[in-house]
Amino acid sequence: MPSKAEKEREARALARKKEAEKKDKERKEKEAKIKKRLESHQAVTIKARVDMIKHGVIVEVLNTVQAKLAQEAGFNAICPYDYPQAVINKMGNPLTSDPRVVRDMINSVVIPVMAKVRVGHIIEAQMAEHLGANIIDESNYTTKLMTKHMSKRGFKVPFICAVETLEDCFRRIEEGATMLRNREPYGKSFAHTITAIRTIYNSLRALKISDAELATVAKADAAAAAATADDANKTIALSSDVIAAKATIRAKEEFLQKFTNLDTQEMIKKAINKGELPVPFYGYGSICTPNDVAMLRKMGCGAIISNIAFRADNPRRRLKKLVEASTCYNNAGKMAELSIGTNEQPIVATVRPMF
């Protein structure tokens with residue numbers, strides 16, 4: 001007859017066995033869930049992914065609690081942001097997103113998840129795609145020397161890249177980027193974000209020349225040719241409008257010469273004629289109020305909301321206001337209502353706990 005100690009050992013062994021079976025079952029269910037998500041993830045085209053969040057609002061989140069809050073508020077996508085401020089300040093830029101954090105976010109919400117990778121780091125990009133990230137943000141520099149971007153053509157996931165100039169925009173699009181954002185001005189205000197975006201769009205519009213201006217230049221050139229045919233030493237003074245138009249044509253030609261790919265040149269010409277970039281553009285950096293979001297939407301851009309939005313007294317209410325602002329930015333009365341209480345003290349980056 002087994003003793004009391006033997007019975008207790010058997011009971012403990014049985015409990016351990018049941019616990020192991022339970023964990024094994026949970027693991028298999030989790031693997032099946034991930035496999036199913038990856039299969040559905042691969043079935044969606046890049047264009048469909050981009051259209052899901054085009055000109056929408058994305059927010060940086062630190063954990064699954066914030067991710068669920070963002071989903072509940074109606075955000076188009078989330079971006080895991082798991083770097084302590086001290087680490088960011090020391091390195092100047094965060095590195096890649098932690099795979100565990102990305103995986104947890106993917107399993108906790110159904111909205112798209114964006115994963116950060118370092119510029120040109122193809123291994124991290126492949127890893128993010130394998131985990132099931134819906135978007136890859138290739139914008140983080142390890143050092144100022146690491147500026148060689150990777151080709152995005154072989155991936156089934158859309159890329160978003162940070163840019164500083166108009167040339168950067170078309171270089172990234174040529175490599176396969178389907179979305180762009182401005183480079184975050186660390187430690188600076190929202191005004192610097194707006195300035196960075198305006199600089200890019202002003203550079204694009206400065207290259208546009210109308211049909212009337214082209215006709216004026218052609219007429220001036222014909223008059224000059226006729227005058228020199230009669231007298232080789234004769235010159236005709238050009239008007240300021242013709243000089244400005246010629247300068248624009250010359251600037252456009254010089255810009256196009258920077259790109260050897262004919263398809264890229266055609267894309268640039270179409271973008272110049274339309275006065276807008278061929279891919280969605282997002283504002284990034286110090287965006288945490290409905291007014292900021294509305295300003296960006298008025299400019300034709302989406303918004304990537306800073307994580308400091310979660311430091312408000314009522315994060316749930318603040319997030320809903322930010323999402324609402326992205327759709328009613330043309331309604332001044334509604335914007336005035338949404339802006340009530342958004343300039344409160346707690347949005348400052350202090351020691352407030354963030355879940």
# chains A, B, ... in the order shown; residues from 1 in each chain; ligands from 1
$ residues_around --residues "Cys161 in chain A" --least-positions-apart "4" --cutoff "12 Å" --atoms "only C-alpha atoms" --output "ChimeraX atom specification"
/A:114-120,135-141,147,149-152,168-184,279-284
$ residues_around --residues "range 314-320 of chain A" --least-positions-apart "6" --cutoff "7 Å" --atoms "only C-alpha atoms" --output "PyMOL selection string"
chain A and resi 69-70+73
$ residues_around --residues "Phe255 in chain A" --least-positions-apart "6" --cutoff "12 Å" --atoms "only C-alpha atoms" --output "list in words"
Leu166, Glu167, Asp168, Phe170, Arg171, Ser203, Leu204, Ala206, Leu207, Lys208, Thr248, Ile249, Thr264, Gln265, Ile268, Lys269 and Ile272 of chain A
$ closest_residue --among "A:Ile243, A:Ile160, A:Leu62, A:Val57" --to "Ile287 in chain A" --atoms "only C-alpha atoms"
A:Val57
$ atom_distance --atom1 "CA of Val242 in chain A" --atom2 "CA of Leu262 in chain A"
28.5 Å
$ select_by_dssp --residues "range 234-323 of chain A" --states "strand (DSSP E or B)" --output "ChimeraX atom specification"
/A:281-284,302-305
$ residues_around --residues "Lys246 in chain A" --least-positions-apart "4" --cutoff "12 Å" --atoms "only C-alpha atoms" --output "number ranges by chain"
A: 207-210, 213-218, 220-221, 238-242, 250-253
$ write_last_selection --atoms "N, CA, C and O atoms" --output "PDB file, in the first residue's frame"
ATOM      1  N   LEU A 207       8.867  73.136 -59.585  1.00  0.00           N
ATOM      2  CA  LEU A 207       9.298  72.578 -60.876  1.00  0.00           C
ATOM      3  C   LEU A 207       8.182  72.570 -61.914  1.00  0.00           C
ATOM      4  O   LEU A 207       8.416  72.248 -63.072  1.00  0.00           O
ATOM      5  N   LYS A 208       6.969  72.929 -61.493  1.00  0.00           N
ATOM      6  CA  LYS A 208       5.836  72.890 -62.419  1.00  0.00           C
ATOM      7  C   LYS A 208       5.812  74.142 -63.298  1.00  0.00           C
ATOM      8  O   LYS A 208       6.018  75.248 -62.819  1.00  0.00           O
ATOM      9  N   ILE A 209       5.564  73.939 -64.574  1.00  0.00           N
ATOM     10  CA  ILE A 209       5.454  75.058 -65.512  1.00  0.00           C
ATOM     11  C   ILE A 209       4.184  74.863 -66.341  1.00  0.00           C
ATOM     12  O   ILE A 209       3.905  73.759 -66.837  1.00  0.00           O
ATOM     13  N   SER A 210       3.404  75.913 -66.469  1.00  0.00           N
ATOM     14  CA  SER A 210       2.111  75.812 -67.161  1.00  0.00           C
ATOM     15  C   SER A 210       2.289  75.836 -68.676  1.00  0.00           C
ATOM     16  O   SER A 210       3.341  76.224 -69.197  1.00  0.00           O
ATOM     17  N   GLU A 213       3.028  79.352 -69.919  1.00  0.00           N
ATOM     18  CA  GLU A 213       4.434  79.747 -69.757  1.00  0.00           C
ATOM     19  C   GLU A 213       5.301  79.111 -70.840  1.00  0.00           C
ATOM     20  O   GLU A 213       6.220  79.744 -71.375  1.00  0.00           O
ATOM     21  N   LEU A 214       5.019  77.860 -71.179  1.00  0.00           N
ATOM     22  CA  LEU A 214       5.764  77.187 -72.251  1.00  0.00           C
ATOM     23  C   LEU A 214       5.549  77.893 -73.586  1.00  0.00           C
ATOM     24  O   LEU A 214       6.480  78.055 -74.383  1.00  0.00           O
ATOM     25  N   ALA A 215       4.302  78.308 -73.823  1.00  0.00           N
ATOM     26  CA  ALA A 215       3.996  79.026 -75.069  1.00  0.00           C
ATOM     27  C   ALA A 215       4.730  80.363 -75.122  1.00  0.00           C
ATOM     28  O   ALA A 215       5.238  80.767 -76.181  1.00  0.00           O
ATOM     29  N   THR A 216       4.824  81.040 -73.960  1.00  0.00           N
ATOM     30  CA  THR A 216       5.526  82.332 -73.892  1.00  0.00           C
ATOM     31  C   THR A 216       7.016  82.149 -74.185  1.00  0.00           C
ATOM     32  O   THR A 216       7.621  82.936 -74.923  1.00  0.00           O
ATOM     33  N   VAL A 217       7.600  81.087 -73.612  1.00  0.00           N
ATOM     34  CA  VAL A 217       9.023  80.801 -73.848  1.00  0.00           C
ATOM     35  C   VAL A 217       9.260  80.465 -75.318  1.00  0.00           C
ATOM     36  O   VAL A 217      10.231  80.939 -75.934  1.00  0.00           O
ATOM     37  N   ALA A 218       8.378  79.636 -75.893  1.00  0.00           N
ATOM     38  CA  ALA A 218       8.519  79.263 -77.312  1.00  0.00           C
ATOM     39  C   ALA A 218       8.413  80.489 -78.217  1.00  0.00           C
ATOM     40  O   ALA A 218       9.171  80.637 -79.190  1.00  0.00           O
ATOM     41  N   ALA A 220       9.124  83.600 -77.348  1.00  0.00           N
ATOM     42  CA  ALA A 220      10.331  84.414 -77.146  1.00  0.00           C
ATOM     43  C   ALA A 220      11.521  83.809 -77.882  1.00  0.00           C
ATOM     44  O   ALA A 220      12.329  84.533 -78.480  1.00  0.00           O
ATOM     45  N   ASP A 221      11.622  82.491 -77.857  1.00  0.00           N
ATOM     46  CA  ASP A 221      12.721  81.817 -78.569  1.00  0.00           C
ATOM     47  C   ASP A 221      12.595  82.024 -80.079  1.00  0.00           C
ATOM     48  O   ASP A 221      13.597  82.231 -80.784  1.00  0.00           O
ATOM     49  N   LEU A 238      14.831  89.802 -72.723  1.00  0.00           N
ATOM     50  CA  LEU A 238      13.731  88.928 -72.311  1.00  0.00           C
ATOM     51  C   LEU A 238      13.009  89.519 -71.108  1.00  0.00           C
ATOM     52  O   LEU A 238      13.629  90.149 -70.236  1.00  0.00           O
ATOM     53  N   SER A 239      11.698  89.299 -71.062  1.00  0.00           N
ATOM     54  CA  SER A 239      10.925  89.777 -69.907  1.00  0.00           C
ATOM     55  C   SER A 239      11.224  88.909 -68.688  1.00  0.00           C
ATOM     56  O   SER A 239      11.753  87.801 -68.805  1.00  0.00           O
ATOM     57  N   SER A 240      10.855  89.412 -67.526  1.00  0.00           N
ATOM     58  CA  SER A 240      11.092  88.671 -66.276  1.00  0.00           C
ATOM     59  C   SER A 240      10.323  87.354 -66.251  1.00  0.00           C
ATOM     60  O   SER A 240      10.789  86.355 -65.702  1.00  0.00           O
ATOM     61  N   ASP A 241       9.123  87.357 -66.875  1.00  0.00           N
ATOM     62  CA  ASP A 241       8.319  86.121 -66.920  1.00  0.00           C
ATOM     63  C   ASP A 241       9.025  85.044 -67.734  1.00  0.00           C
ATOM     64  O   ASP A 241       9.040  83.863 -67.340  1.00  0.00           O
ATOM     65  N   VAL A 242       9.598  85.428 -68.840  1.00  0.00           N
ATOM     66  CA  VAL A 242      10.299  84.468 -69.694  1.00  0.00           C
ATOM     67  C   VAL A 242      11.555  83.953 -68.990  1.00  0.00           C
ATOM     68  O   VAL A 242      11.858  82.750 -69.030  1.00  0.00           O
ATOM     69  N   ARG A 250      14.884  74.770 -66.806  1.00  0.00           N
ATOM     70  CA  ARG A 250      16.255  74.307 -66.571  1.00  0.00           C
ATOM     71  C   ARG A 250      16.358  73.511 -65.267  1.00  0.00           C
ATOM     72  O   ARG A 250      17.003  72.466 -65.208  1.00  0.00           O
ATOM     73  N   ALA A 251      15.676  73.987 -64.212  1.00  0.00           N
ATOM     74  CA  ALA A 251      15.690  73.290 -62.923  1.00  0.00           C
ATOM     75  C   ALA A 251      15.037  71.917 -63.037  1.00  0.00           C
ATOM     76  O   ALA A 251      15.518  70.928 -62.461  1.00  0.00           O
ATOM     77  N   LYS A 252      13.935  71.840 -63.802  1.00  0.00           N
ATOM     78  CA  LYS A 252      13.242  70.562 -64.013  1.00  0.00           C
ATOM     79  C   LYS A 252      14.137  69.578 -64.761  1.00  0.00           C
ATOM     80  O   LYS A 252      14.231  68.397 -64.390  1.00  0.00           O
ATOM     81  N   GLU A 253      14.808  70.047 -65.796  1.00  0.00           N
ATOM     82  CA  GLU A 253      15.707  69.173 -66.568  1.00  0.00           C
ATOM     83  C   GLU A 253      16.866  68.677 -65.711  1.00  0.00           C
ATOM     84  O   GLU A 253      17.246  67.502 -65.785  1.00  0.00           O
TER      85      GLU A 253
END
$ residues_around --residues "Gln66 in chain A" --least-positions-apart "6" --cutoff "12 Å" --atoms "only C-alpha atoms" --output "list in words"
Val59, Glu60, Glu72, Ala73, Phe75, Ile78, Cys79, Pro80, Tyr81, Asp82, Asp104, Met105, Ser108, Val109, Asn307, Ile308, Ala309, Phe310, Arg311, Pro315, Arg316, Leu319, Met354 and Phe355 of chain A
$ write_last_selection --atoms "N, CA and C atoms" --output "short mmCIF file (atom, residue, chain, number, x, y, z; two decimals), in the first residue's frame"
data_model
loop_
_atom_site.label_atom_id
_atom_site.label_comp_id
_atom_site.auth_asym_id
_atom_site.auth_seq_id
_atom_site.Cartn_x
_atom_site.Cartn_y
_atom_site.Cartn_z
N VAL A 59 -0.67 55.38 -34.69
CA VAL A 59 -0.19 55.82 -33.38
C VAL A 59 0.90 54.88 -32.86
N GLU A 60 1.87 55.45 -32.18
CA GLU A 60 2.94 54.67 -31.56
C GLU A 60 2.44 54.12 -30.23
N GLU A 72 -9.65 50.38 -30.33
CA GLU A 72 -10.98 50.78 -29.87
C GLU A 72 -11.32 52.21 -30.32
N ALA A 73 -10.29 53.09 -30.34
CA ALA A 73 -10.51 54.49 -30.72
C ALA A 73 -10.73 54.64 -32.22
N PHE A 75 -8.11 53.87 -34.75
CA PHE A 75 -6.89 54.16 -35.52
C PHE A 75 -6.75 53.18 -36.68
N ILE A 78 -1.14 50.70 -35.95
CA ILE A 78 -0.33 51.00 -34.76
C ILE A 78 1.14 50.71 -35.09
N CYS A 79 2.01 51.35 -34.33
CA CYS A 79 3.45 51.15 -34.52
C CYS A 79 4.08 50.84 -33.16
N PRO A 80 4.57 49.62 -32.94
CA PRO A 80 5.24 49.31 -31.66
C PRO A 80 6.42 50.25 -31.42
N TYR A 81 6.44 50.82 -30.24
CA TYR A 81 7.47 51.80 -29.91
C TYR A 81 7.98 51.44 -28.53
N ASP A 82 8.98 50.54 -28.47
CA ASP A 82 9.37 49.94 -27.20
C ASP A 82 10.74 50.39 -26.70
N ASP A 104 3.40 40.16 -30.18
CA ASP A 104 2.32 40.36 -29.20
C ASP A 104 1.28 41.34 -29.72
N MET A 105 1.76 42.40 -30.40
CA MET A 105 0.82 43.39 -30.97
C MET A 105 -0.06 42.74 -32.04
N SER A 108 -2.75 40.66 -30.56
CA SER A 108 -3.71 41.33 -29.67
C SER A 108 -4.72 42.20 -30.41
N VAL A 109 -4.40 42.62 -31.65
CA VAL A 109 -5.32 43.50 -32.39
C VAL A 109 -5.49 42.99 -33.82
N ASN A 307 3.59 58.82 -29.12
CA ASN A 307 3.14 58.03 -27.97
C ASN A 307 2.76 58.90 -26.78
N ILE A 308 3.21 60.17 -26.77
CA ILE A 308 2.89 61.02 -25.62
C ILE A 308 1.39 61.32 -25.53
N ALA A 309 0.63 60.97 -26.57
CA ALA A 309 -0.83 61.13 -26.51
C ALA A 309 -1.42 60.27 -25.39
N PHE A 310 -0.74 59.18 -25.03
CA PHE A 310 -1.21 58.30 -23.96
C PHE A 310 -0.95 58.89 -22.58
N ARG A 311 -0.23 60.01 -22.51
CA ARG A 311 0.06 60.63 -21.22
C ARG A 311 -1.01 61.64 -20.82
N PRO A 315 -6.55 59.11 -21.72
CA PRO A 315 -6.01 58.67 -23.02
C PRO A 315 -7.09 58.19 -23.99
N ARG A 316 -8.09 57.51 -23.48
CA ARG A 316 -9.14 56.97 -24.36
C ARG A 316 -9.87 58.11 -25.07
N LEU A 319 -7.49 59.84 -27.68
CA LEU A 319 -7.31 59.05 -28.90
C LEU A 319 -8.52 59.17 -29.82
N MET A 354 2.69 55.28 -18.04
CA MET A 354 2.00 54.96 -19.29
C MET A 354 1.59 53.48 -19.29
N PHE A 355 0.61 53.16 -18.47
CA PHE A 355 0.12 51.78 -18.35
C PHE A 355 1.24 50.84 -17.95
#
$ atom_distance --atom1 "CA of Met295 in chain A" --atom2 "CA of Tyr329 in chain A"
7.6 Å
$ select_by_dssp --residues "range 149-228 of chain A" --states "helix (DSSP H, G or I)" --output "ChimeraX atom specification"
/A:166-175,190-205,211-228
$ write_last_selection --atoms "N, CA and C atoms" --output "compact mmCIF listing (two decimals), in the first residue's frame"
# COMPACT_ATOMS: atom_id res chain seq x y z
N LEU A 166 13.07 66.42 -51.78
CA LEU A 166 12.27 65.89 -52.89
C LEU A 166 13.00 64.75 -53.60
N GLU A 167 14.31 64.88 -53.72
CA GLU A 167 15.10 63.81 -54.35
C GLU A 167 15.00 62.53 -53.53
N ASP A 168 15.05 62.64 -52.18
CA ASP A 168 14.87 61.47 -51.31
C ASP A 168 13.56 60.77 -51.61
N CYS A 169 12.49 61.55 -51.81
CA CYS A 169 11.16 60.98 -52.06
C CYS A 169 11.19 60.04 -53.27
N PHE A 170 11.72 60.54 -54.38
CA PHE A 170 11.71 59.74 -55.61
C PHE A 170 12.74 58.61 -55.57
N ARG A 171 13.82 58.78 -54.82
CA ARG A 171 14.78 57.68 -54.64
C ARG A 171 14.11 56.52 -53.91
N ARG A 172 13.37 56.84 -52.84
CA ARG A 172 12.70 55.79 -52.06
C ARG A 172 11.59 55.12 -52.87
N ILE A 173 10.85 55.91 -53.64
CA ILE A 173 9.79 55.34 -54.48
C ILE A 173 10.40 54.44 -55.55
N GLU A 174 11.52 54.87 -56.10
CA GLU A 174 12.23 54.08 -57.12
C GLU A 174 12.67 52.73 -56.55
N GLU A 175 13.03 52.71 -55.26
CA GLU A 175 13.45 51.47 -54.60
C GLU A 175 12.28 50.56 -54.25
N PHE A 190 6.04 70.71 -33.28
CA PHE A 190 5.22 70.34 -34.44
C PHE A 190 5.48 71.28 -35.61
N ALA A 191 5.87 72.52 -35.32
CA ALA A 191 6.15 73.48 -36.39
C ALA A 191 7.27 72.99 -37.29
N HIS A 192 8.25 72.29 -36.74
CA HIS A 192 9.34 71.76 -37.55
C HIS A 192 8.84 70.64 -38.48
N THR A 193 7.86 69.88 -38.00
CA THR A 193 7.26 68.83 -38.84
C THR A 193 6.57 69.46 -40.05
N ILE A 194 5.77 70.49 -39.81
CA ILE A 194 5.07 71.19 -40.89
C ILE A 194 6.07 71.80 -41.87
N THR A 195 7.13 72.41 -41.34
CA THR A 195 8.15 73.04 -42.19
C THR A 195 8.81 72.01 -43.10
N ALA A 196 9.11 70.83 -42.54
CA ALA A 196 9.76 69.76 -43.33
C ALA A 196 8.86 69.30 -44.48
N ILE A 197 7.56 69.17 -44.21
CA ILE A 197 6.62 68.72 -45.25
C ILE A 197 6.46 69.81 -46.32
N ARG A 198 6.32 71.05 -45.88
CA ARG A 198 6.15 72.15 -46.83
C ARG A 198 7.37 72.31 -47.73
N THR A 199 8.53 72.09 -47.17
CA THR A 199 9.77 72.20 -47.97
C THR A 199 9.74 71.23 -49.13
N ILE A 200 9.30 69.99 -48.86
CA ILE A 200 9.24 68.97 -49.92
C ILE A 200 8.20 69.33 -50.98
N TYR A 201 7.00 69.71 -50.53
CA TYR A 201 5.94 70.02 -51.49
C TYR A 201 6.23 71.30 -52.27
N ASN A 202 6.85 72.29 -51.62
CA ASN A 202 7.21 73.52 -52.33
C ASN A 202 8.27 73.24 -53.40
N SER A 203 9.19 72.32 -53.09
CA SER A 203 10.22 71.94 -54.08
C SER A 203 9.59 71.29 -55.29
N LEU A 204 8.54 70.48 -55.05
CA LEU A 204 7.85 69.82 -56.16
C LEU A 204 7.09 70.83 -57.02
N ARG A 205 6.36 71.73 -56.36
CA ARG A 205 5.55 72.70 -57.11
C ARG A 205 6.40 73.74 -57.82
N ASP A 211 1.21 75.46 -69.39
CA ASP A 211 1.23 75.50 -70.86
C ASP A 211 1.40 76.92 -71.38
N ALA A 212 0.78 77.89 -70.67
CA ALA A 212 0.88 79.29 -71.08
C ALA A 212 2.33 79.78 -70.99
N GLU A 213 3.03 79.35 -69.92
CA GLU A 213 4.43 79.75 -69.76
C GLU A 213 5.30 79.11 -70.84
N LEU A 214 5.02 77.86 -71.18
CA LEU A 214 5.76 77.19 -72.25
C LEU A 214 5.55 77.89 -73.59
N ALA A 215 4.30 78.31 -73.82
CA ALA A 215 4.00 79.03 -75.07
C ALA A 215 4.73 80.36 -75.12
N THR A 216 4.82 81.04 -73.96
CA THR A 216 5.53 82.33 -73.89
C THR A 216 7.02 82.15 -74.19
N VAL A 217 7.60 81.09 -73.61
CA VAL A 217 9.02 80.80 -73.85
C VAL A 217 9.26 80.47 -75.32
N ALA A 218 8.38 79.64 -75.89
CA ALA A 218 8.52 79.26 -77.31
C ALA A 218 8.41 80.49 -78.22
N LYS A 219 7.48 81.39 -77.87
CA LYS A 219 7.31 82.62 -78.65
C LYS A 219 8.55 83.51 -78.56
N ALA A 220 9.12 83.60 -77.35
CA ALA A 220 10.33 84.41 -77.15
C ALA A 220 11.52 83.81 -77.88
N ASP A 221 11.62 82.49 -77.86
CA ASP A 221 12.72 81.82 -78.57
C ASP A 221 12.60 82.02 -80.08
N ALA A 222 11.36 81.96 -80.59
CA ALA A 222 11.13 82.16 -82.03
C ALA A 222 11.48 83.59 -82.43
N ALA A 223 11.13 84.56 -81.58
CA ALA A 223 11.44 85.97 -81.87
C ALA A 223 12.95 86.19 -81.86
N ALA A 224 13.63 85.54 -80.90
CA ALA A 224 15.09 85.68 -80.82
C ALA A 224 15.76 85.06 -82.04
N ALA A 225 15.25 83.90 -82.48
CA ALA A 225 15.82 83.23 -83.65
C ALA A 225 15.63 84.07 -84.91
N ALA A 226 14.45 84.69 -85.05
CA ALA A 226 14.16 85.53 -86.21
C ALA A 226 15.06 86.77 -86.21
N ALA A 227 15.30 87.31 -85.02
CA ALA A 227 16.14 88.52 -84.92
C ALA A 227 17.59 88.21 -85.27
N THR A 228 18.08 87.10 -84.81
CA THR A 228 19.48 86.74 -85.09
C THR A 228 19.66 86.30 -86.54
$ atom_distance --atom1 "CA of Lys22 in chain A" --atom2 "CA of Lys4 in chain A"
26.9 Å
$ residues_around --residues "Ile58 in chain A" --least-positions-apart "3" --cutoff "7 Å" --atoms "only C-alpha atoms" --output "list in words"
Phe75, Asn76, Ala77, Ile78, Ala303, Ile304 and Ile305 of chain A
$ closest_residue --among "A:Ala332, A:Ala5, A:Val157, A:Leu338" --to "Ala125 in chain A" --atoms "only C-alpha atoms"
A:Val157
